[in-house]
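Undergrad: This one is query.csv, CSV, N, CA and C atoms.
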chain,number,residue,atom,x,y,z
A,7,MET,N,4.6,24.7,77.4
A,7,MET,CA,3.8,24.1,76.4
A,7,MET,C,3.4,25.1,75.4
A,8,THR,N,3.4,24.7,74.1
A,8,THR,CA,3.0,25.6,73.1
A,8,THR,C,1.6,25.5,72.7
A,9,SER,N,1.0,26.5,72.3
A,9,SER,CA,-0.4,26.5,71.9
A,9,SER,C,-0.5,26.2,70.4
A,10,PRO,N,-1.6,25.5,70.0
A,10,PRO,CA,-1.7,25.2,68.6
A,10,PRO,C,-1.8,26.4,67.7
A,11,LEU,N,-1.2,26.3,66.5
A,11,LEU,CA,-1.3,27.4,65.6
A,11,LEU,C,-2.7,27.6,65.0
A,12,PRO,N,-3.1,28.9,64.9
A,12,PRO,CA,-4.4,29.1,64.3
A,12,PRO,C,-4.5,28.7,62.8
A,13,THR,N,-5.6,28.2,62.4
A,13,THR,CA,-5.7,27.8,61.0
A,13,THR,C,-6.6,28.9,60.3
A,14,THR,N,-6.3,29.0,59.0
A,14,THR,CA,-7.0,30.0,58.2
A,14,THR,C,-7.6,29.3,57.0
A,15,THR,N,-8.8,29.5,56.7
A,15,THR,CA,-9.5,28.9,55.5
A,15,THR,C,-9.7,30.0,54.4
A,16,VAL,N,-9.3,29.6,53.2
A,16,VAL,CA,-9.4,30.6,52.1
A,16,VAL,C,-10.4,30.0,51.1
A,17,THR,N,-11.4,30.7,50.7
A,17,THR,CA,-12.4,30.3,49.8
A,17,THR,C,-12.2,31.1,48.5
A,18,GLU,N,-12.2,30.5,47.4
A,18,GLU,CA,-12.0,31.2,46.1
A,18,GLU,C,-13.2,31.0,45.2
A,19,THR,N,-13.8,32.0,44.7
A,19,THR,CA,-14.9,31.9,43.8
A,19,THR,C,-14.5,32.2,42.4
A,20,VAL,N,-14.7,31.3,41.5
A,20,VAL,CA,-14.3,31.5,40.1
A,20,VAL,C,-15.6,31.6,39.2
A,21,THR,N,-15.5,32.6,38.4
A,21,THR,CA,-16.7,32.9,37.5
A,21,THR,C,-16.1,32.9,36.0
A,22,GLY,N,-16.9,32.7,35.1
A,22,GLY,CA,-16.5,32.8,33.7
A,22,GLY,C,-16.6,31.5,33.0
A,23,THR,N,-15.8,31.3,31.9
A,23,THR,CA,-15.8,30.1,31.1
A,23,THR,C,-14.5,29.4,31.2
A,24,THR,N,-14.5,28.2,30.9
A,24,THR,CA,-13.2,27.4,30.9
A,24,THR,C,-12.4,27.9,29.7
A,25,PRO,N,-11.1,28.1,29.8
A,25,PRO,CA,-10.3,28.5,28.7
A,25,PRO,C,-10.2,27.4,27.6
A,26,ALA,N,-10.1,27.8,26.4
A,26,ALA,CA,-9.9,26.9,25.3
A,26,ALA,C,-8.6,26.1,25.4
A,27,PRO,N,-8.6,24.9,25.0
A,27,PRO,CA,-7.3,24.1,25.1
A,27,PRO,C,-6.3,24.7,24.2
A,28,ALA,N,-5.1,24.5,24.5
A,28,ALA,CA,-4.0,25.0,23.7
A,28,ALA,C,-4.0,24.3,22.3
A,29,PRO,N,-3.6,25.0,21.2
A,29,PRO,CA,-3.6,24.3,19.9
A,29,PRO,C,-2.7,23.1,20.0
A,30,GLY,N,-3.1,22.1,19.3
A,30,GLY,CA,-2.3,20.8,19.3
A,30,GLY,C,-2.8,20.0,18.1
A,31,PRO,N,-2.5,18.7,18.1
A,31,PRO,CA,-3.0,17.9,17.0
A,31,PRO,C,-4.5,17.8,17.0
A,32,ALA,N,-5.0,17.7,15.8
A,32,ALA,CA,-6.5,17.6,15.6
A,32,ALA,C,-7.0,16.4,16.3
A,33,ARG,N,-8.1,16.5,16.9
A,33,ARG,CA,-8.7,15.3,17.6
A,33,ARG,C,-9.7,14.7,16.6
A,34,ARG,N,-9.8,13.4,16.7
A,34,ARG,CA,-10.8,12.7,15.8
A,34,ARG,C,-12.1,12.6,16.6
A,35,SER,N,-13.2,12.9,15.9
A,35,SER,CA,-14.5,12.9,16.4
A,35,SER,C,-14.8,11.4,16.8
A,36,GLN,N,-15.7,11.2,17.7
A,36,GLN,CA,-16.0,9.8,18.1
A,36,GLN,C,-16.9,9.2,17.1
A,37,THR,N,-17.4,9.9,16.1
A,37,THR,CA,-18.3,9.3,15.1
A,37,THR,C,-17.5,8.9,13.9
A,38,GLU,N,-16.2,9.4,13.7
A,38,GLU,CA,-15.4,9.1,12.6
A,38,GLU,C,-14.9,7.7,12.7
A,39,THR,N,-14.8,7.0,11.5
A,39,THR,CA,-14.3,5.7,11.5
A,39,THR,C,-12.7,5.8,11.3
A,40,PRO,N,-12.0,5.2,12.2
A,40,PRO,CA,-10.5,5.3,12.0
A,40,PRO,C,-10.1,4.5,10.7
A,41,PRO,N,-9.0,5.0,10.2
A,41,PRO,CA,-8.5,4.3,8.9
A,41,PRO,C,-8.1,2.9,9.3
A,42,PRO,N,-8.2,2.0,8.3
A,42,PRO,CA,-7.8,0.6,8.5
A,42,PRO,C,-6.3,0.5,8.9
A,43,PRO,N,-5.9,-0.5,9.7
A,43,PRO,CA,-4.5,-0.6,10.0
A,43,PRO,C,-3.7,-1.0,8.7
A,44,THR,N,-2.5,-0.5,8.6
A,44,THR,CA,-1.7,-0.8,7.4
A,44,THR,C,-0.6,-1.8,7.8
A,45,THR,N,-0.4,-2.7,6.9
A,45,THR,CA,0.7,-3.7,7.2
A,45,THR,C,2.0,-3.2,6.7
A,46,GLY,N,2.0,-2.1,6.0
A,46,GLY,CA,3.3,-1.6,5.4
A,46,GLY,C,3.7,-2.2,4.2
A,47,ALA,N,3.1,-3.3,3.8
A,47,ALA,CA,3.4,-4.1,2.6
A,47,ALA,C,2.8,-3.4,1.4
A,48,PRO,N,3.5,-3.3,0.2
A,48,PRO,CA,2.9,-2.8,-1.0
A,48,PRO,C,1.7,-3.7,-1.4
A,49,ILE,N,0.8,-3.1,-2.1
A,49,ILE,CA,-0.4,-3.8,-2.6
A,49,ILE,C,-0.3,-4.1,-4.1
A,50,MET,N,-0.5,-5.3,-4.5
A,50,MET,CA,-0.3,-5.7,-5.9
A,50,MET,C,-1.4,-5.0,-6.8
A,51,PRO,N,-0.9,-4.3,-7.8
A,51,PRO,CA,-1.9,-3.7,-8.8
A,51,PRO,C,-2.4,-4.7,-9.8
A,52,ASP,N,-3.4,-4.4,-10.5
A,52,ASP,CA,-4.0,-5.2,-11.5
A,52,ASP,C,-3.2,-4.9,-12.8
A,53,VAL,N,-2.4,-5.8,-13.3
A,53,VAL,CA,-1.6,-5.6,-14.5
A,53,VAL,C,-1.9,-6.5,-15.7
A,54,VAL,N,-2.9,-7.3,-15.5
A,54,VAL,CA,-3.3,-8.2,-16.6
A,54,VAL,C,-3.8,-7.3,-17.8
A,55,CYS,N,-3.4,-7.7,-19.0
A,55,CYS,CA,-3.7,-7.1,-20.3
A,55,CYS,C,-2.8,-5.8,-20.5
A,56,MET,N,-1.8,-5.7,-19.7
A,56,MET,CA,-0.8,-4.6,-20.0
A,56,MET,C,0.4,-5.2,-20.7
A,57,ASN,N,1.2,-4.4,-21.4
A,57,ASN,CA,2.4,-5.0,-21.9
A,57,ASN,C,3.3,-5.1,-20.7
A,58,LEU,N,4.3,-6.1,-20.9
A,58,LEU,CA,5.1,-6.4,-19.7
A,58,LEU,C,5.9,-5.3,-19.2
A,59,GLN,N,6.4,-4.4,-20.0
A,59,GLN,CA,7.2,-3.2,-19.5
A,59,GLN,C,6.3,-2.3,-18.6
A,60,ASP,N,5.1,-2.0,-19.1
A,60,ASP,CA,4.2,-1.2,-18.3
A,60,ASP,C,3.8,-1.9,-17.0
A,61,ALA,N,3.6,-3.2,-17.1
A,61,ALA,CA,3.2,-3.9,-15.8
A,61,ALA,C,4.3,-3.9,-14.8
A,62,GLN,N,5.6,-4.0,-15.3
A,62,GLN,CA,6.7,-3.9,-14.4
A,62,GLN,C,6.8,-2.5,-13.8
A,63,ASP,N,6.6,-1.5,-14.6
A,63,ASP,CA,6.6,-0.1,-14.1
A,63,ASP,C,5.6,0.1,-13.0
A,64,ARG,N,4.4,-0.4,-13.2
A,64,ARG,CA,3.3,-0.3,-12.3
A,64,ARG,C,3.6,-1.0,-11.0
A,65,ILE,N,4.2,-2.2,-11.0
A,65,ILE,CA,4.6,-2.9,-9.8
A,65,ILE,C,5.7,-2.1,-9.1
A,66,GLN,N,6.6,-1.5,-9.8
A,66,GLN,CA,7.7,-0.7,-9.2
A,66,GLN,C,7.0,0.6,-8.5
A,67,GLU,N,6.0,1.2,-9.2
A,67,GLU,CA,5.3,2.3,-8.6
A,67,GLU,C,4.7,1.9,-7.2
A,68,ALA,N,4.3,0.7,-7.1
A,68,ALA,CA,3.6,0.2,-5.9
A,68,ALA,C,4.7,0.0,-4.8
A,69,GLY,N,6.0,-0.1,-5.2
A,69,GLY,CA,7.0,-0.2,-4.1
A,69,GLY,C,7.8,-1.5,-4.2
A,70,VAL,N,7.6,-2.3,-5.2
A,70,VAL,CA,8.4,-3.6,-5.3
A,70,VAL,C,9.2,-3.5,-6.6
A,71,PHE,N,10.5,-3.8,-6.5
A,71,PHE,CA,11.4,-3.6,-7.6
A,71,PHE,C,11.8,-4.8,-8.3
A,72,PHE,N,11.5,-6.0,-7.7
A,72,PHE,CA,11.9,-7.3,-8.4
A,72,PHE,C,10.6,-8.1,-8.6
A,73,SER,N,10.3,-8.3,-9.9
A,73,SER,CA,9.2,-9.2,-10.3
A,73,SER,C,9.7,-10.2,-11.3
A,74,ARG,N,9.0,-11.2,-11.5
A,74,ARG,CA,9.4,-12.2,-12.5
A,74,ARG,C,8.3,-12.4,-13.6
A,75,SER,N,8.7,-12.9,-14.7
A,75,SER,CA,7.7,-13.2,-15.8
A,75,SER,C,8.0,-14.5,-16.4
A,76,GLU,N,7.0,-15.2,-16.8
A,76,GLU,CA,7.1,-16.6,-17.3
A,76,GLU,C,6.3,-16.7,-18.6
A,77,ASP,N,6.8,-17.4,-19.6
A,77,ASP,CA,6.1,-17.7,-20.8
A,77,ASP,C,4.8,-18.5,-20.5
A,78,ALA,N,3.6,-17.9,-20.7
A,78,ALA,CA,2.4,-18.6,-20.4
A,78,ALA,C,2.1,-19.8,-21.3
A,79,THR,N,2.8,-19.9,-22.4
A,79,THR,CA,2.6,-21.0,-23.3
A,79,THR,C,3.3,-22.3,-22.9
A,80,GLY,N,4.2,-22.2,-21.9
A,80,GLY,CA,4.9,-23.3,-21.4
A,80,GLY,C,6.2,-23.6,-22.2
A,81,ARG,N,6.4,-22.8,-23.2
A,81,ARG,CA,7.6,-23.0,-24.1
A,81,ARG,C,8.9,-22.4,-23.5
A,82,ARG,N,8.8,-21.8,-22.3
A,82,ARG,CA,9.9,-21.3,-21.6
A,82,ARG,C,10.8,-20.3,-22.3
A,83,ARG,N,10.1,-19.5,-23.2
A,83,ARG,CA,10.8,-18.4,-23.9
A,83,ARG,C,11.2,-17.3,-23.0
A,84,SER,N,12.3,-16.7,-23.3
A,84,SER,CA,12.8,-15.5,-22.5
A,84,SER,C,12.1,-14.3,-23.0
A,85,GLN,N,11.9,-13.4,-22.1
A,85,GLN,CA,11.3,-12.1,-22.5
A,85,GLN,C,12.4,-11.1,-22.6
A,86,ILE,N,12.9,-11.0,-23.8
A,86,ILE,CA,14.1,-10.1,-24.0
A,86,ILE,C,13.6,-8.6,-24.2
A,87,LEU,N,12.6,-8.4,-25.0
A,87,LEU,CA,12.0,-7.0,-25.2
A,87,LEU,C,10.7,-7.0,-24.5
A,88,ASP,N,10.7,-6.5,-23.3
A,88,ASP,CA,9.4,-6.5,-22.4
A,88,ASP,C,8.2,-5.9,-23.1
A,89,ARG,N,8.4,-4.9,-24.0
A,89,ARG,CA,7.2,-4.3,-24.6
A,89,ARG,C,6.6,-5.2,-25.7
A,90,ASN,N,7.3,-6.3,-26.1
A,90,ASN,CA,6.7,-7.2,-27.1
A,90,ASN,C,5.9,-8.3,-26.4
A,91,TRP,N,5.6,-8.3,-25.1
A,91,TRP,CA,4.9,-9.3,-24.4
A,91,TRP,C,3.7,-8.7,-23.7
A,92,ILE,N,2.6,-9.4,-23.5
A,92,ILE,CA,1.4,-8.9,-22.8
A,92,ILE,C,1.1,-9.9,-21.6
A,93,VAL,N,0.8,-9.3,-20.5
A,93,VAL,CA,0.5,-10.0,-19.3
A,93,VAL,C,-0.9,-10.6,-19.4
A,94,VAL,N,-1.0,-12.0,-19.3
A,94,VAL,CA,-2.3,-12.7,-19.3
A,94,VAL,C,-2.7,-13.3,-18.0
A,95,GLY,N,-1.8,-13.2,-17.0
A,95,GLY,CA,-2.1,-13.7,-15.7
A,95,GLY,C,-1.1,-13.1,-14.7
A,96,GLN,N,-1.5,-13.1,-13.4
A,96,GLN,CA,-0.6,-12.6,-12.4
A,96,GLN,C,-0.8,-13.3,-11.1
A,97,THR,N,0.3,-13.4,-10.3
A,97,THR,CA,0.3,-13.8,-9.0
A,97,THR,C,1.2,-12.9,-8.2
A,98,PRO,N,0.7,-12.4,-7.0
A,98,PRO,CA,-0.6,-12.6,-6.4
A,98,PRO,C,-1.7,-11.8,-7.1
A,99,SER,N,-2.9,-12.0,-6.6
A,99,SER,CA,-4.1,-11.3,-7.2
A,99,SER,C,-4.0,-9.8,-6.9
A,100,PRO,N,-4.7,-9.0,-7.7
A,100,PRO,CA,-4.7,-7.5,-7.4
A,100,PRO,C,-5.3,-7.3,-6.0
A,101,GLY,N,-4.7,-6.3,-5.4
A,101,GLY,CA,-5.2,-5.9,-4.0
A,101,GLY,C,-4.6,-6.7,-2.9
A,102,THR,N,-3.7,-7.6,-3.2
A,102,THR,CA,-3.1,-8.5,-2.2
A,102,THR,C,-1.7,-7.8,-1.8
A,103,PRO,N,-1.4,-7.8,-0.5
A,103,PRO,CA,-0.1,-7.3,-0.1
A,103,PRO,C,1.0,-8.3,-0.7
A,104,PHE,N,2.1,-7.7,-1.1
A,104,PHE,CA,3.2,-8.6,-1.7
A,104,PHE,C,4.5,-7.9,-1.4
A,105,GLY,N,5.6,-8.7,-1.7
A,105,GLY,CA,7.0,-8.2,-1.5
A,105,GLY,C,7.9,-8.5,-2.6
A,106,GLU,N,9.1,-8.3,-2.4
A,106,GLU,CA,10.1,-8.5,-3.5
A,106,GLU,C,10.1,-9.9,-4.0
A,107,GLY,N,10.1,-10.1,-5.3
A,107,GLY,CA,10.2,-11.4,-5.9
A,107,GLY,C,8.9,-12.2,-5.9
A,108,GLU,N,7.9,-11.7,-5.2
A,108,GLU,CA,6.6,-12.5,-5.1
A,108,GLU,C,5.7,-12.3,-6.3
A,109,ALA,N,5.9,-11.2,-7.1
A,109,ALA,CA,5.1,-11.0,-8.3
A,109,ALA,C,5.6,-11.8,-9.4
A,110,VAL,N,4.7,-12.7,-10.0
A,110,VAL,CA,5.0,-13.5,-11.1
A,110,VAL,C,3.9,-13.2,-12.2
A,111,LEU,N,4.4,-12.8,-13.4
A,111,LEU,CA,3.5,-12.4,-14.4
A,111,LEU,C,3.6,-13.5,-15.6
A,112,ALA,N,2.4,-14.0,-15.9
A,112,ALA,CA,2.4,-14.9,-17.0
A,112,ALA,C,2.2,-14.1,-18.3
A,113,VAL,N,3.0,-14.3,-19.3
A,113,VAL,CA,3.0,-13.5,-20.5
A,113,VAL,C,3.0,-14.3,-21.8
A,114,VAL,N,2.4,-13.7,-22.9
A,114,VAL,CA,2.5,-14.2,-24.2
A,114,VAL,C,3.0,-13.1,-25.1
A,115,LYS,N,3.6,-13.5,-26.3
A,115,LYS,CA,4.0,-12.4,-27.2
A,115,LYS,C,2.8,-11.7,-27.8
A,116,ILE,N,2.9,-10.4,-28.0
A,116,ILE,CA,1.9,-9.6,-28.6
A,116,ILE,C,1.6,-10.3,-30.0
A,117,GLY,N,0.3,-10.5,-30.3
A,117,GLY,CA,-0.1,-11.1,-31.5
A,117,GLY,C,-0.5,-12.6,-31.3
A,118,GLU,N,-0.1,-13.2,-30.2
A,118,GLU,CA,-0.5,-14.5,-29.9
A,118,GLU,C,-1.8,-14.5,-29.3
A,119,PRO,N,-2.6,-15.6,-29.4
A,119,PRO,CA,-3.9,-15.6,-28.8
A,119,PRO,C,-3.9,-15.4,-27.2
A,120,HIS,N,-4.9,-14.6,-26.8
A,120,HIS,CA,-5.0,-14.3,-25.4
A,120,HIS,C,-6.4,-13.7,-25.1
A,121,ASP,N,-6.8,-13.6,-23.9
A,121,ASP,CA,-8.2,-13.2,-23.5
A,121,ASP,C,-8.3,-11.7,-23.3
A,122,CYS,N,-7.3,-10.9,-23.6
A,122,CYS,CA,-7.3,-9.5,-23.3
A,122,CYS,C,-8.1,-8.7,-24.4
For the file at hand, write its structure as structure tokens.

TA:
Amino acid sequence: MTSPLPTTTVTETVTGTTPAPAPGPARRSQTETPPPPTTGAPIMPDVVCMNLQDAQDRIQEAGVFFSRSEDATGRRRSQILDRNWIVVGQTPSPGTPFGEGEAVLAVVKIGEPHDC
């Protein structure tokens, strides 16, 4: 018959401070407000009272490259020279997420009556 093996107990005493965590990504404080979630969609800028060319440029800067324009007088005139037209209305409203082809600008020729 074999006798049981003796057991040994080891006690370790640790003194000092806890080491600093390794560098890594910055942690957000619990009191900070997290940024709002993003939908990834561009946000429609306010382009009313801009000439049509500048309005189209601003929409492209927001990340949308296809917008439409319509003659606000209802006469269905084509906008050949964009700089000769002024935006008097827009869809969607400023601050609204939008995508390709969703921006529609109502325009009149410069010199025609408008509220700008």

Undergrad: With distances taken over only C-alpha atoms, which of A:Ile92, A:Ala47, A:Thr79, A:Phe72 is nearest to Asp60 of chain A?

TA: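 Among A:Ile92, A:Ala47, A:Thr79, A:Phe72, it is A:Ile92 that comes nearest to Asp60 of chain A.
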
Undergrad: Hey, can you check how far atom CA of Trp91 of chain A sits from atom CA of Ile65 of chain A?

TA: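 Here the two named atoms are 15.9 Å from each other.
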
Undergrad: Expressed in Å to a single decimal, how great is the separation between atom N of Val93 of chain A and atom N of Gly46 of chain A?

TA: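 That distance, rounded to one decimal, is 27.5 Å.
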
Undergrad: Pick out the closest residue to Val94 of chain A from this set: A:Leu111, A:Arg81, A:Glu118, A:Glu106. Count all atoms listed in the file.

TA: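 Among A:Leu111, A:Arg81, A:Glu118, A:Glu106, it is A:Leu111 that comes nearest to Val94 of chain A.
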
Undergrad: Smallest atom-to-atom distance to Val70 of chain A: which of A:Gln96, A:Arg83, A:Asn57, A:Phe104, using all atoms listed in the file?

TA: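 Checking each candidate against Val70 of chain A, we get A:Phe104 as the closest.
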
Undergrad: If you measure from atom C of Phe71 of chain A to atom CA of Pro119 of chain A, what distance in Å do you get, rounded to one decimal?

TA: 28.0 Å

Undergrad: Taking only N, CA and C atoms into account, which of A:Val113, A:Thr102, A:Gly107, A:Asp52 comes nearest Ala78 of chain A?

TA: A:Val113

Undergrad: Looking only at alpha helix (DSSP H) from DSSP on the backbone, list the matching residues of segment 57-96 of chain A as a list in words.

TA: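 The alpha helix (DSSP H) subset of segment 57-96 of chain A is Leu58, Gln59, Asp60, Ala61, Gln62, Asp63, Arg64, Ile65, Gln66, Glu67 and Ala68 of chain A.
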
Undergrad: Could you please give me, as a list in words, the residues of protein, DNA or RNA lying at most 6 Å from (6.7, -11.3, -13.9) in the coordinate frame of the file, considering only C-alpha atoms?

TA: Ser73, Arg74, Ser75, Ala109, Val110 and Leu111 of chain A

Undergrad: From (7.5, -3.8, -26.2), in the file's coordinates, out to 7 Å: which residues are reached, counting all atoms listed in the file? Answer as an MDAnalysis selection string.

TA: chainID A and resid 57:59 87:91
